[in-house]
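Engineer: For reference, the structure I am asking about is given below.
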Amino acid sequence: MIVGTRGSQLALAQTKQVCRDLSKLTGEAIETEIIKTKGDKITTSQLYNMDSKGLFTKELDIALLEEEVDFTVHSFKDLPSELDEDLEIVAVPKRESPNEVLISNKTWEELGPGSKLGTSSLRREAFCNLHEKDFSLQPIRGNIETRIDKALNSDLDATIMAEAGLKRLNLTKYIKEVFPLDYITPPAGQGALAIITRKDYDKKDRIAKLNHYISMQEVFAEKKVLEELGIGCQWPIGAIARMNDKEFSIYSILLTKEGEILKEQTEKGSIRNAVELGRQIGKLFGDYV
């Protein structure tokens, strides 16, 4: 089998773990093909100022459809709401932490008005405004190591990142604080991976063995909120679904860029109805978008 992946250190680390786990299950050797996406080539723009649909996935989809690779591994949060009709997500491995974290030499409380916080996320910008931090927000791009270095060793005072990536790259020593999920709510799918292949691929059942049912239901519910609204990272919206004991719940919050809460909603029910719960929130938010 041949796997397609982006070439960043995080993408490669994620793909190597998937390949190790898949090889254990199937006994098959897996070859890696690195594919550069449009998002990898653009390093200066704010993502929310661009048409971000498929920014980090389109080229990998093409490689799949043209049978240059057999499956691809993505950060779930990078996926557009709709896949090509000939492709499918066959597995979501067990989810890593979905939380947001602070990278800084100071604590969140110590970061006063005027502190320079690097972010290219409209959602993170909105949450900073919601919590009345009055930061000087600066654009920041680059891989995880680059952003950590800028936050700790430049004129920036801090940045906010996903905990999952830092865990996968063994960089958790740089985490200053972990934010609760209801304080800075993550984007849909954060912390999860998506393994995609062609619907007619004859070995997709083997890949499907990597699926973690609860994780898949969580992130499918979160993405359904966005799908129902027809929006991506151009809107400040957070969504997080969790399975606690035997109860499934999904919480989502829609903000303005200035940090005003337009709507927040929690739905609870059976994990079997996870996607429908996400759809209900999306429909409820529709009046505000």
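Simple scheme: letters A, B, ... for chains in structure tokens order, numbers from 1 for residues in each chain, numbers from 1 for ligands in the order shown.
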Using only C-alpha atoms, which protein or nucleic acid residues come within 12 Å of Glu109 of chain A? Drop anything in the same chain fewer than 6 positions from it, and give the result as a PyMOL selection string.
Structural biologist: chain A and resi 102+115+131-133+176-177
Engineer: So that each row is one residue of segment 193-267 of chain A with an atom at most 10 Å from segment 83-92 of chain A, can you give its shortest atom pair and the distance in Å to one decimal, using only C-alpha atoms, rows by chain and rising number, as CSV?
Structural biologist:
residue,atom,partner,partner_atom,distance
A:Leu193,CA,A:Val92,CA,5.6
A:Ala194,CA,A:Val92,CA,5.0
A:Ile195,CA,A:Ala91,CA,5.2
A:Ile196,CA,A:Ile89,CA,4.4
A:Thr197,CA,A:Leu87,CA,5.7
A:Arg198,CA,A:Leu87,CA,4.4
A:Lys199,CA,A:Leu87,CA,5.3
A:Asp200,CA,A:Asp86,CA,7.9
A:Tyr201,CA,A:Leu87,CA,9.4
A:Lys204,CA,A:Val90,CA,6.9
A:Asp205,CA,A:Val90,CA,8.0
A:Arg206,CA,A:Val90,CA,9.5
A:Ile207,CA,A:Ala91,CA,6.9
A:Ala208,CA,A:Ala91,CA,5.1
A:Lys209,CA,A:Ala91,CA,7.4
A:Leu210,CA,A:Ala91,CA,5.9
A:Asn211,CA,A:Ala91,CA,4.2
A:His212,CA,A:Val92,CA,5.9
A:Tyr213,CA,A:Val92,CA,7.7
A:Ile214,CA,A:Val92,CA,9.2
A:Ser215,CA,A:Val92,CA,6.6
A:Met216,CA,A:Val92,CA,5.3
A:Gln217,CA,A:Val92,CA,9.1
A:Val219,CA,A:Val92,CA,8.7
A:Phe220,CA,A:Val92,CA,9.7
Engineer: Could you jot down the atom CA of Phe135 of chain A to atom CA of Lys116 of chain A separation for me, Å, one decimal place?
Structural biologist: 5.9 Å
Engineer: Which residues are close to segment 145-150 of chain A, i.e. within 8 Å by only C-alpha atoms, leaving aside same-chain residues fewer than 4 positions away? Reply as a ChimeraX atom specification.
Structural biologist: /A:103,140-141,154-156,159,174
Engineer: I'd like the contact shell of Ile2 of chain A - 7 Å cut-off, only C-alpha atoms, skipping same-chain residues fewer than 4 positions apart - returned as a list of chain:residue names.
Structural biologist: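 The contact residues come out as A:Ile30, A:Glu31, A:Thr32, A:Glu33, A:Val69, A:Asp70, A:Phe71.
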Engineer: Now that the selection is made, can you save its residues with N, CA, C and O atoms as a JSON list (two decimals), in the first residue's frame?
Structural biologist:
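Now in again00.json:
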[["chain", "number", "residue", "atom", "x", "y", "z"],
["A", 30, "ILE", "N", 4.13, -0.41, 4.07],
["A", 30, "ILE", "CA", 3.46, 0.76, 3.51],
["A", 30, "ILE", "C", 4.50, 1.78, 3.07],
["A", 30, "ILE", "O", 5.38, 2.16, 3.84],
["A", 31, "GLU", "N", 4.38, 2.22, 1.84],
["A", 31, "GLU", "CA", 5.30, 3.21, 1.27],
["A", 31, "GLU", "C", 4.68, 4.59, 1.42],
["A", 31, "GLU", "O", 3.47, 4.76, 1.27],
["A", 32, "THR", "N", 5.50, 5.60, 1.72],
["A", 32, "THR", "CA", 5.00, 6.96, 1.94],
["A", 32, "THR", "C", 5.33, 7.87, 0.76],
["A", 32, "THR", "O", 6.47, 7.90, 0.29],
["A", 33, "GLU", "N", 4.31, 8.58, 0.29],
["A", 33, "GLU", "CA", 4.47, 9.55, -0.81],
["A", 33, "GLU", "C", 4.13, 10.93, -0.26],
["A", 33, "GLU", "O", 3.01, 11.17, 0.19],
["A", 69, "VAL", "N", -1.76, 7.07, -4.99],
["A", 69, "VAL", "CA", -1.64, 6.57, -3.62],
["A", 69, "VAL", "C", -2.92, 5.81, -3.29],
["A", 69, "VAL", "O", -3.95, 5.96, -3.97],
["A", 70, "ASP", "N", -2.86, 4.98, -2.24],
["A", 70, "ASP", "CA", -4.01, 4.14, -1.88],
["A", 70, "ASP", "C", -4.86, 4.74, -0.76],
["A", 70, "ASP", "O", -6.05, 4.49, -0.69],
["A", 71, "PHE", "N", -4.21, 5.50, 0.13],
["A", 71, "PHE", "CA", -4.97, 6.19, 1.17],
["A", 71, "PHE", "C", -4.18, 7.41, 1.62],
["A", 71, "PHE", "O", -2.98, 7.53, 1.33]]
Engineer: Would you please work out which residue, of A:Lys257, A:Lys203, A:Lys173, A:Lys223, is nearest to Ile281 of chain A when using only C-alpha atoms?
Structural biologist: A:Lys223
Engineer: Applying 9 Å and only C-alpha atoms, which residues near Met243 of chain A remain after dropping the ones on its own chain fewer than 3 positions away? List them as a list of chain:residue names.
Structural biologist: A:Ile214, A:Ser215, A:Glu218, A:Lys246, A:Glu247, A:Phe248, A:Ser249, A:Ile250, A:Ile271
Engineer: Write the residues you've just listed into a file as a CSV table (one decimal), in the first residue's frame, and include all heavy atoms for each of them.
Structural biologist:
chain,number,residue,atom,x,y,z
A,214,ILE,N,-16.0,6.0,18.9
A,214,ILE,CA,-16.4,7.2,19.7
A,214,ILE,C,-15.8,8.4,19.1
A,214,ILE,O,-16.4,9.4,18.9
A,214,ILE,CB,-16.0,7.0,21.2
A,214,ILE,CG1,-16.9,6.0,21.9
A,214,ILE,CG2,-16.2,8.4,21.9
A,214,ILE,CD1,-16.5,5.6,23.3
A,215,SER,N,-14.5,8.3,18.8
A,215,SER,CA,-13.8,9.4,18.2
A,215,SER,C,-14.4,9.8,16.8
A,215,SER,O,-14.6,11.0,16.6
A,215,SER,CB,-12.3,9.1,17.9
A,215,SER,OG,-11.6,8.8,19.1
A,218,GLU,N,-17.7,11.7,17.5
A,218,GLU,CA,-17.5,13.0,18.0
A,218,GLU,C,-17.2,14.0,16.9
A,218,GLU,O,-17.8,15.0,16.8
A,218,GLU,CB,-16.3,13.0,19.0
A,218,GLU,CG,-16.6,12.4,20.4
A,218,GLU,CD,-15.4,12.3,21.3
A,218,GLU,OE1,-14.3,12.7,20.8
A,218,GLU,OE2,-15.6,11.9,22.4
A,246,LYS,N,-22.1,7.3,29.7
A,246,LYS,CA,-22.9,6.8,28.6
A,246,LYS,C,-23.7,7.9,27.9
A,246,LYS,O,-24.6,7.6,27.1
A,246,LYS,CB,-23.9,5.7,29.2
A,246,LYS,CG,-23.3,4.5,29.7
A,246,LYS,CD,-24.3,3.5,30.2
A,246,LYS,CE,-23.6,2.2,30.7
A,246,LYS,NZ,-24.6,1.2,31.1
A,247,GLU,N,-23.3,9.1,28.2
A,247,GLU,CA,-24.0,10.3,27.6
A,247,GLU,C,-23.1,11.0,26.6
A,247,GLU,O,-22.0,11.3,26.9
A,247,GLU,CB,-24.4,11.2,28.7
A,247,GLU,CG,-25.3,12.4,28.1
A,247,GLU,CD,-25.8,13.3,29.2
A,247,GLU,OE1,-25.0,13.9,29.9
A,247,GLU,OE2,-27.0,13.4,29.3
A,248,PHE,N,-23.7,11.2,25.4
A,248,PHE,CA,-23.0,11.9,24.3
A,248,PHE,C,-23.5,13.4,24.3
A,248,PHE,O,-24.7,13.6,24.4
A,248,PHE,CB,-23.2,11.3,23.0
A,248,PHE,CG,-22.5,11.9,21.8
A,248,PHE,CD1,-21.2,11.5,21.5
A,248,PHE,CD2,-23.1,12.9,21.1
A,248,PHE,CE1,-20.5,12.1,20.5
A,248,PHE,CE2,-22.4,13.5,20.1
A,248,PHE,CZ,-21.1,13.1,19.7
A,249,SER,N,-22.5,14.3,24.3
A,249,SER,CA,-22.9,15.7,24.2
A,249,SER,C,-22.0,16.5,23.2
A,249,SER,O,-20.9,16.1,23.0
A,249,SER,CB,-22.8,16.4,25.6
A,249,SER,OG,-21.4,16.5,26.0
A,250,ILE,N,-22.6,17.5,22.6
A,250,ILE,CA,-21.9,18.4,21.7
A,250,ILE,C,-22.2,19.8,22.1
A,250,ILE,O,-23.4,20.2,22.3
A,250,ILE,CB,-22.2,18.1,20.2
A,250,ILE,CG1,-21.4,19.1,19.4
A,250,ILE,CG2,-23.6,18.0,19.9
A,250,ILE,CD1,-21.5,18.8,17.9
A,271,ILE,N,-25.1,8.4,21.4
A,271,ILE,CA,-23.9,8.5,20.5
A,271,ILE,C,-24.4,8.0,19.1
A,271,ILE,O,-23.8,8.5,18.1
A,271,ILE,CB,-22.7,7.7,21.0
A,271,ILE,CG1,-21.5,8.1,20.1
A,271,ILE,CG2,-23.0,6.2,20.9
A,271,ILE,CD1,-20.2,7.5,20.7
Engineer: Would you work out the distance separating atom CA of Val101 of chain A from atom CA of Ala162 of chain A, expressed in Å to one decimal?
Structural biologist: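 So the answer is 6.0 Å.
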Engineer: In Å to one decimal, how far is atom CA of Gly230 of chain A from atom CA of Leu79 of chain A?
Structural biologist: 13.1 Å
Engineer: Within segment 3-216 of chain A, find each residue whose DSSP state, derived from the backbone, is helix (DSSP H, G or I), and express the selection as a PyMOL selection string.
Structural biologist: chain A and resi 9-26+38-41+47-49+58-65+76-78+122-130+144-153+163-168+172-174+204-210+213-216
